[in-house]
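Engineer: Just so it is clear, I am handing over structure_26.txt, which has compact mmCIF, C-alpha atoms.
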```
# COMPACT_ATOMS: atom_id res chain seq x y z
CA PRO A 101 203.39 61.70 204.06
CA VAL A 102 200.78 59.13 205.08
CA ALA A 103 200.01 58.39 208.73
CA GLU A 104 198.62 55.18 210.10
CA LEU A 105 196.66 56.41 213.11
CA GLY A 106 196.27 53.78 215.79
CA CYS A 107 199.14 51.78 214.26
CA GLY A 108 199.46 49.15 217.00
CA PRO A 109 202.52 46.95 216.34
CA GLY A 110 203.15 48.61 212.98
CA GLN A 111 202.47 45.95 210.36
CA MET A 112 200.19 48.15 208.25
CA THR A 113 202.65 51.06 208.42
CA ALA A 114 205.33 48.68 207.15
CA HIS A 115 203.00 47.56 204.36
CA LEU A 116 202.42 51.17 203.31
CA ARG A 117 206.18 51.69 203.17
CA GLU A 118 206.57 48.54 201.06
CA LEU A 119 204.07 50.09 198.64
CA GLY A 120 206.42 53.07 198.31
CA LEU A 121 204.58 55.56 200.52
CA ASP A 122 206.29 57.91 202.99
CA ALA A 123 204.41 56.34 205.91
CA PHE A 124 204.72 56.61 209.66
CA GLY A 125 202.64 55.34 212.57
CA VAL A 126 201.02 56.95 215.61
CA ASP A 127 199.51 55.08 218.56
CA LEU A 128 198.31 56.09 222.01
CA SER A 129 199.98 53.08 223.65
CA PRO A 130 203.71 53.41 224.42
CA ALA A 131 203.85 49.60 224.60
CA MET A 132 202.50 49.31 221.04
CA ILE A 133 204.97 51.93 219.80
CA ASP A 134 207.82 50.02 221.46
CA LEU A 135 206.67 46.86 219.67
CA ALA A 136 206.39 48.68 216.34
CA ARG A 137 209.87 50.16 216.72
CA GLU A 138 211.28 46.76 217.65
CA ASN A 139 209.56 45.04 214.70
CA TYR A 140 210.34 47.79 212.16
CA PRO A 141 213.38 49.72 213.44
CA ARG A 142 213.86 51.69 210.21
CA LEU A 143 210.34 53.16 210.32
CA ARG A 144 209.03 56.17 212.22
CA PHE A 145 206.56 55.55 215.05
CA GLU A 146 205.31 58.12 217.56
CA VAL A 147 203.24 57.99 220.72
CA GLY A 148 200.24 60.23 220.23
CA SER A 149 196.49 60.52 220.23
CA MET A 150 194.36 60.41 217.07
CA HIS A 151 192.21 62.99 218.83
CA ALA A 152 195.02 65.56 219.20
CA LEU A 153 197.75 64.97 216.63
CA ASP A 154 201.08 66.75 216.89
CA LEU A 155 200.99 67.53 213.17
CA ALA A 156 200.65 70.74 211.19
CA ASP A 157 197.41 71.58 209.43
CA GLY A 158 197.24 69.99 205.99
CA SER A 159 200.51 68.11 206.44
CA LEU A 160 199.33 64.62 205.39
CA GLY A 161 198.53 63.29 201.96
CA GLY A 162 196.65 60.39 203.47
CA ILE A 163 195.49 58.70 206.66
CA LEU A 164 194.96 55.02 207.35
CA SER A 165 192.74 54.25 210.33
CA TRP A 166 192.64 50.46 210.19
CA TYR A 167 190.39 49.12 212.97
CA SER A 168 191.64 51.86 215.31
CA LEU A 169 188.45 53.92 215.61
CA ILE A 170 186.54 50.86 216.84
CA HIS A 171 187.39 51.70 220.46
CA THR A 172 186.13 55.29 220.21
CA PRO A 173 182.77 55.88 221.90
CA PRO A 174 180.24 57.00 219.26
CA ALA A 175 179.73 60.47 220.77
CA GLU A 176 183.47 61.17 220.43
CA LEU A 177 183.90 60.06 216.82
CA PRO A 178 183.01 63.43 215.18
CA ALA A 179 185.94 65.08 216.98
CA TYR A 180 188.31 62.44 215.60
CA PHE A 181 187.11 63.04 212.05
CA ALA A 182 187.52 66.79 212.57
CA GLU A 183 191.12 66.20 213.66
CA PHE A 184 191.74 63.97 210.63
CA ARG A 185 190.39 66.73 208.40
CA ARG A 186 192.62 69.31 210.08
CA VAL A 187 195.84 67.42 209.35
CA ILE A 188 195.00 66.09 205.88
CA ALA A 189 195.90 68.12 202.81
CA PRO A 190 193.16 69.26 200.44
CA GLY A 191 192.22 66.30 198.26
CA GLY A 192 193.99 63.84 200.58
CA HIS A 193 192.57 60.38 201.23
CA LEU A 194 191.30 58.63 204.34
CA LEU A 195 190.98 54.84 204.44
CA LEU A 196 188.90 53.38 207.27
CA GLY A 197 188.62 49.78 208.41
CA PHE A 198 186.06 48.81 211.06
CA PHE A 199 183.65 46.13 212.17
CA GLU A 200 180.32 46.57 210.40
CA SER A 201 177.01 46.12 212.22
CA GLU A 202 175.17 44.17 209.49
CA GLY A 203 172.10 46.40 209.43
CA ASP A 204 171.93 46.92 213.19
CA PRO A 205 172.56 50.29 214.86
CA VAL A 206 175.94 51.08 216.42
CA SER A 207 176.56 48.38 218.99
CA GLU A 208 179.19 47.73 221.62
CA PHE A 209 180.94 44.37 221.79
CA ASP A 210 183.61 42.71 223.88
CA HIS A 211 187.08 43.05 222.39
CA LYS A 212 190.32 41.63 223.74
CA ALA A 213 191.79 45.11 224.35
CA HIS A 214 188.70 46.89 225.72
CA PRO A 215 185.13 47.51 224.58
CA ALA A 216 184.69 48.26 220.90
CA TYR A 217 181.88 49.26 218.54
CA ARG A 218 180.39 47.91 215.34
CA TRP A 219 179.07 50.55 212.93
CA PRO A 220 176.60 50.58 210.06
CA ILE A 221 178.70 51.47 207.02
CA ASP A 222 176.26 54.24 206.04
CA ALA A 223 176.51 55.83 209.50
CA MET A 224 180.32 55.75 209.44
CA ALA A 225 180.32 57.33 205.96
CA GLU A 226 177.86 59.98 207.14
CA LEU A 227 180.04 60.96 210.12
CA ALA A 228 183.13 61.26 207.94
CA GLY A 229 181.05 63.21 205.40
CA ALA A 230 179.93 65.66 208.07
CA ALA A 231 183.61 66.42 208.73
CA GLY A 232 184.24 67.21 205.06
CA PHE A 233 185.16 63.86 203.51
CA VAL A 234 183.53 62.55 200.34
CA GLU A 235 183.08 58.84 199.79
CA VAL A 236 185.17 57.41 196.96
CA GLY A 237 184.50 53.72 197.56
CA ARG A 238 183.26 51.16 200.03
CA MET A 239 183.59 47.47 200.62
CA LEU A 240 181.84 45.03 202.89
CA ARG A 241 183.48 41.69 203.58
CA GLU A 242 181.72 38.80 205.25
CA PRO A 243 183.48 37.22 208.24
CA GLY A 244 186.16 34.71 207.37
CA GLU A 245 186.88 31.55 209.28
CA GLY A 246 187.49 32.40 212.93
CA GLU A 247 186.11 35.95 212.56
CA ARG A 248 182.99 37.12 214.35
CA PHE A 249 181.88 40.14 212.37
CA ARG A 250 181.51 41.56 208.89
CA ARG A 251 184.18 44.12 207.94
CA GLY A 252 183.51 47.58 206.60
CA HIS A 253 186.03 49.59 204.58
CA LEU A 254 185.54 53.15 203.39
CA LEU A 255 187.81 55.18 201.13
CA MET A 256 187.13 58.88 201.61
CA ARG A 257 188.66 62.02 200.08
CA ASP A 258 188.97 65.47 201.57
CA ASP A 259 186.55 67.62 199.57
CA ARG A 260 188.61 70.84 199.54
```
Go ahead and express the file in the form of structure tokens.
Structural biologist:
Amino acid sequence: PVAELGCGPGQMTAHLRELGLDAFGVDLSPAMIDLARENYPRLRFEVGSMHALDLADGSLGGILSWYSLIHTPPAELPAYFAEFRRVIAPGGHLLLGFFESEGDPVSEFDHKAHPAYRWPIDAMAELAGAAGFVEVGRMLREPGEGERFRRGHLLMRDDR
């Protein structure tokens, strides 16, 4: 199974399913889970925290965290990566999407939901690495029309 952690209204979970993966979504917001279930009634969505997942150790083949860690205060991020490592199977993959800081240190910015953070891609990779993930690939994408910030994407693998 693959979990989208911080799934919001579920579109990326649905995309993972369309790709043939046994995917489900988890989000802290009951309102977002209601939306996801309404939009994709055949898919599994659960209310839960990325920080304390109701999943067995090593039960996931992969995790997608697509712009969901952006709201996590920097001091709390290591605990999230430790939880990801707990639930991912040895050799499993973690795909991260986040706003990249373009050479600046971690910085807070105003986001429509609540404050969020932009991260240097190297710092994000280092935090995931400290939890036991090895970088497989990275991508930086410049802002598109109507976007404010550069995007960072990291593909990591559990090193066990």
Engineer: From the options A:Glu202, A:Thr113, A:Asp154, A:Leu119, which residue's atoms come nearest to Arg137 in chain A, counting all atoms listed in the file?
Structural biologist: A:Thr113
Engineer: With all atoms listed in the file as the counted atoms, please give the residues lying no more than 9 Å from Phe145 in chain A, apart from itself and same-chain residues fewer than 5 positions off, as a compact mmCIF listing (two decimals) with C-alpha atoms, in the coordinates of the input.
Structural biologist:
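Result went into out_20.txt, see below:
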```
# COMPACT_ATOMS: atom_id res chain seq x y z
CA CYS A 107 199.14 51.78 214.26
CA GLY A 110 203.15 48.61 212.98
CA THR A 113 202.65 51.06 208.42
CA PHE A 124 204.72 56.61 209.66
CA GLY A 125 202.64 55.34 212.57
CA VAL A 126 201.02 56.95 215.61
CA ASP A 127 199.51 55.08 218.56
CA ILE A 133 204.97 51.93 219.80
CA ASP A 134 207.82 50.02 221.46
CA ALA A 136 206.39 48.68 216.34
CA ARG A 137 209.87 50.16 216.72
```
Engineer: Please return, as a PDB file with C-alpha atoms, keeping the file's coordinate frame, all polymer residues that have at least one atom within 8 Å of the point (190.8, 69.1, 198.6); use all atoms listed in the file and the file's own coordinate frame.
Structural biologist:
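Ended up saving to out_35.pdb:
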```pdb
ATOM      1  CA  ALA A 189     195.900  68.120 202.810  1.00  0.00           C
ATOM      2  CA  PRO A 190     193.160  69.260 200.440  1.00  0.00           C
ATOM      3  CA  GLY A 191     192.220  66.300 198.260  1.00  0.00           C
ATOM      4  CA  GLY A 192     193.990  63.840 200.580  1.00  0.00           C
ATOM      5  CA  ARG A 257     188.660  62.020 200.080  1.00  0.00           C
ATOM      6  CA  ASP A 258     188.970  65.470 201.570  1.00  0.00           C
ATOM      7  CA  ASP A 259     186.550  67.620 199.570  1.00  0.00           C
ATOM      8  CA  ARG A 260     188.610  70.840 199.540  1.00  0.00           C
TER       9      ARG A 260
END
```
Engineer: Counting all atoms listed in the file, which residues of range 108-151 of chain A fall within 9 Å of range 161-177 of chain A, and what is the closest atom pair for each with its distance in Å at one decimal, ordered by chain and rising number, as a Markdown table?
Structural biologist:
```
| residue | atom | partner | partner_atom | distance |
| --- | --- | --- | --- | --- |
| A:Gly108 | CA | A:Ser168 | CA | 8.4 |
| A:Met112 | CA | A:Trp166 | CA | 8.1 |
| A:Thr113 | CA | A:Leu164 | CA | 8.7 |
| A:Met150 | CA | A:Leu169 | CA | 8.9 |
```
Engineer: Name the residues, using the chain letters and numbers of the file, that sit within 9 Å of (184.0, 69.6, 207.0) when counting all atoms listed in the file, and give them as a list in words.
Structural biologist: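 Nearby residues: Phe181, Ala182, Arg185, Ala228, Gly229, Ala230, Ala231, Gly232, Phe233, Asp258, Asp259 and Arg260 of chain A.
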Engineer: May I have the selected residues written with C-alpha atoms, as a PDB file, in the coordinates of the input?
Structural biologist:
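File written: part_19.pdb
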```pdb
ATOM      1  CA  PHE A 181     187.110  63.040 212.050  1.00  0.00           C
ATOM      2  CA  ALA A 182     187.520  66.790 212.570  1.00  0.00           C
ATOM      3  CA  ARG A 185     190.390  66.730 208.400  1.00  0.00           C
ATOM      4  CA  ALA A 228     183.130  61.260 207.940  1.00  0.00           C
ATOM      5  CA  GLY A 229     181.050  63.210 205.400  1.00  0.00           C
ATOM      6  CA  ALA A 230     179.930  65.660 208.070  1.00  0.00           C
ATOM      7  CA  ALA A 231     183.610  66.420 208.730  1.00  0.00           C
ATOM      8  CA  GLY A 232     184.240  67.210 205.060  1.00  0.00           C
ATOM      9  CA  PHE A 233     185.160  63.860 203.510  1.00  0.00           C
ATOM     10  CA  ASP A 258     188.970  65.470 201.570  1.00  0.00           C
ATOM     11  CA  ASP A 259     186.550  67.620 199.570  1.00  0.00           C
ATOM     12  CA  ARG A 260     188.610  70.840 199.540  1.00  0.00           C
TER      13      ARG A 260
END
```
Engineer: Can you tell me which residues surround Gly197 in chain A at a distance of at most 12 Å, considering all atoms listed in the file, apart from same-chain residues fewer than 2 positions away, and format the answer as JSON, numbers by chain?
Structural biologist: {"A": [104, 105, 106, 112, 163, 164, 165, 166, 167, 168, 169, 170, 194, 195, 199, 200, 218, 219, 221, 224, 225, 238, 239, 240, 241, 250, 251, 252, 253, 254, 255, 256]}
Engineer: Keeping only C-alpha atoms, write those residues as a CSV table (one decimal), in the frame of the given file.
Structural biologist:
```
chain,number,residue,atom,x,y,z
A,104,GLU,CA,198.6,55.2,210.1
A,105,LEU,CA,196.7,56.4,213.1
A,106,GLY,CA,196.3,53.8,215.8
A,112,MET,CA,200.2,48.2,208.2
A,163,ILE,CA,195.5,58.7,206.7
A,164,LEU,CA,195.0,55.0,207.4
A,165,SER,CA,192.7,54.2,210.3
A,166,TRP,CA,192.6,50.5,210.2
A,167,TYR,CA,190.4,49.1,213.0
A,168,SER,CA,191.6,51.9,215.3
A,169,LEU,CA,188.4,53.9,215.6
A,170,ILE,CA,186.5,50.9,216.8
A,194,LEU,CA,191.3,58.6,204.3
A,195,LEU,CA,191.0,54.8,204.4
A,199,PHE,CA,183.6,46.1,212.2
A,200,GLU,CA,180.3,46.6,210.4
A,218,ARG,CA,180.4,47.9,215.3
A,219,TRP,CA,179.1,50.6,212.9
A,221,ILE,CA,178.7,51.5,207.0
A,224,MET,CA,180.3,55.8,209.4
A,225,ALA,CA,180.3,57.3,206.0
A,238,ARG,CA,183.3,51.2,200.0
A,239,MET,CA,183.6,47.5,200.6
A,240,LEU,CA,181.8,45.0,202.9
A,241,ARG,CA,183.5,41.7,203.6
A,250,ARG,CA,181.5,41.6,208.9
A,251,ARG,CA,184.2,44.1,207.9
A,252,GLY,CA,183.5,47.6,206.6
A,253,HIS,CA,186.0,49.6,204.6
A,254,LEU,CA,185.5,53.2,203.4
A,255,LEU,CA,187.8,55.2,201.1
A,256,MET,CA,187.1,58.9,201.6
```
Engineer: Go through A:Leu135, A:Val187, A:Ala179, A:Gly244 and flag the residue nearest Ala103 in chain A, using all atoms listed in the file for the distances.
Structural biologist: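 Using all atoms listed in the file, the shortest distance to Ala103 in chain A belongs to A:Val187.
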Engineer: Mind pulling up the distance from CA of Phe198 in chain A to CA of Met132 in chain A?
Structural biologist: 19.2 Å
Engineer: Using only C-alpha atoms, which of the listed residues (A:Leu196, A:Val236, A:Val206, A:Leu143) sits closest to Leu121 in chain A?
Structural biologist: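 Ranking A:Leu196, A:Val236, A:Val206, A:Leu143 by distance to Leu121 in chain A, first place goes to A:Leu143.
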Engineer: Could you rebuild range 167-189 of chain A with N, CA and C atoms and give me the result as a CSV table (one decimal), keeping the file's coordinate frame?
Structural biologist:
```csv
chain,number,residue,atom,x,y,z
A,167,TYR,N,191.0,49.7,211.8
A,167,TYR,CA,190.4,49.1,213.0
A,167,TYR,C,190.9,49.8,214.2
A,168,SER,N,191.2,51.1,214.1
A,168,SER,CA,191.6,51.9,215.3
A,168,SER,C,190.5,52.7,215.9
A,169,LEU,N,189.6,53.1,215.1
A,169,LEU,CA,188.4,53.9,215.6
A,169,LEU,C,187.4,53.1,216.3
A,170,ILE,N,187.5,51.8,216.3
A,170,ILE,CA,186.5,50.9,216.8
A,170,ILE,C,186.4,51.0,218.3
A,171,HIS,N,187.4,51.5,219.0
A,171,HIS,CA,187.4,51.7,220.5
A,171,HIS,C,186.9,53.1,220.9
A,172,THR,N,186.6,53.9,219.9
A,172,THR,CA,186.1,55.3,220.2
A,172,THR,C,184.6,55.3,220.5
A,173,PRO,N,184.2,55.8,221.6
A,173,PRO,CA,182.8,55.9,221.9
A,173,PRO,C,182.1,56.7,220.8
A,174,PRO,N,180.9,56.3,220.4
A,174,PRO,CA,180.2,57.0,219.3
A,174,PRO,C,180.1,58.5,219.4
A,175,ALA,N,179.9,59.0,220.6
A,175,ALA,CA,179.7,60.5,220.8
A,175,ALA,C,181.0,61.2,220.5
A,176,GLU,N,182.2,60.5,220.6
A,176,GLU,CA,183.5,61.2,220.4
A,176,GLU,C,184.0,61.1,219.0
A,177,LEU,N,183.4,60.3,218.2
A,177,LEU,CA,183.9,60.1,216.8
A,177,LEU,C,183.9,61.3,216.0
A,178,PRO,N,182.9,62.2,216.0
A,178,PRO,CA,183.0,63.4,215.2
A,178,PRO,C,184.3,64.3,215.4
A,179,ALA,N,184.7,64.3,216.7
A,179,ALA,CA,185.9,65.1,217.0
A,179,ALA,C,187.2,64.4,216.3
A,180,TYR,N,187.2,63.1,216.3
A,180,TYR,CA,188.3,62.4,215.6
A,180,TYR,C,188.3,62.8,214.1
A,181,PHE,N,187.2,62.7,213.5
A,181,PHE,CA,187.1,63.0,212.0
A,181,PHE,C,187.5,64.5,211.8
A,182,ALA,N,187.1,65.4,212.7
A,182,ALA,CA,187.5,66.8,212.6
A,182,ALA,C,189.0,66.9,212.7
A,183,GLU,N,189.7,66.2,213.5
A,183,GLU,CA,191.1,66.2,213.7
A,183,GLU,C,191.8,65.6,212.4
A,184,PHE,N,191.2,64.5,211.9
A,184,PHE,CA,191.7,64.0,210.6
A,184,PHE,C,191.7,65.0,209.5
A,185,ARG,N,190.6,65.7,209.4
A,185,ARG,CA,190.4,66.7,208.4
A,185,ARG,C,191.4,67.9,208.6
A,186,ARG,N,191.7,68.2,209.8
A,186,ARG,CA,192.6,69.3,210.1
A,186,ARG,C,194.0,69.0,209.5
A,187,VAL,N,194.5,67.7,209.7
A,187,VAL,CA,195.8,67.4,209.4
A,187,VAL,C,196.0,66.9,207.9
A,188,ILE,N,194.9,66.6,207.2
A,188,ILE,CA,195.0,66.1,205.9
A,188,ILE,C,195.0,67.2,204.9
A,189,ALA,N,195.8,67.1,203.8
A,189,ALA,CA,195.9,68.1,202.8
A,189,ALA,C,194.6,68.1,202.0
```
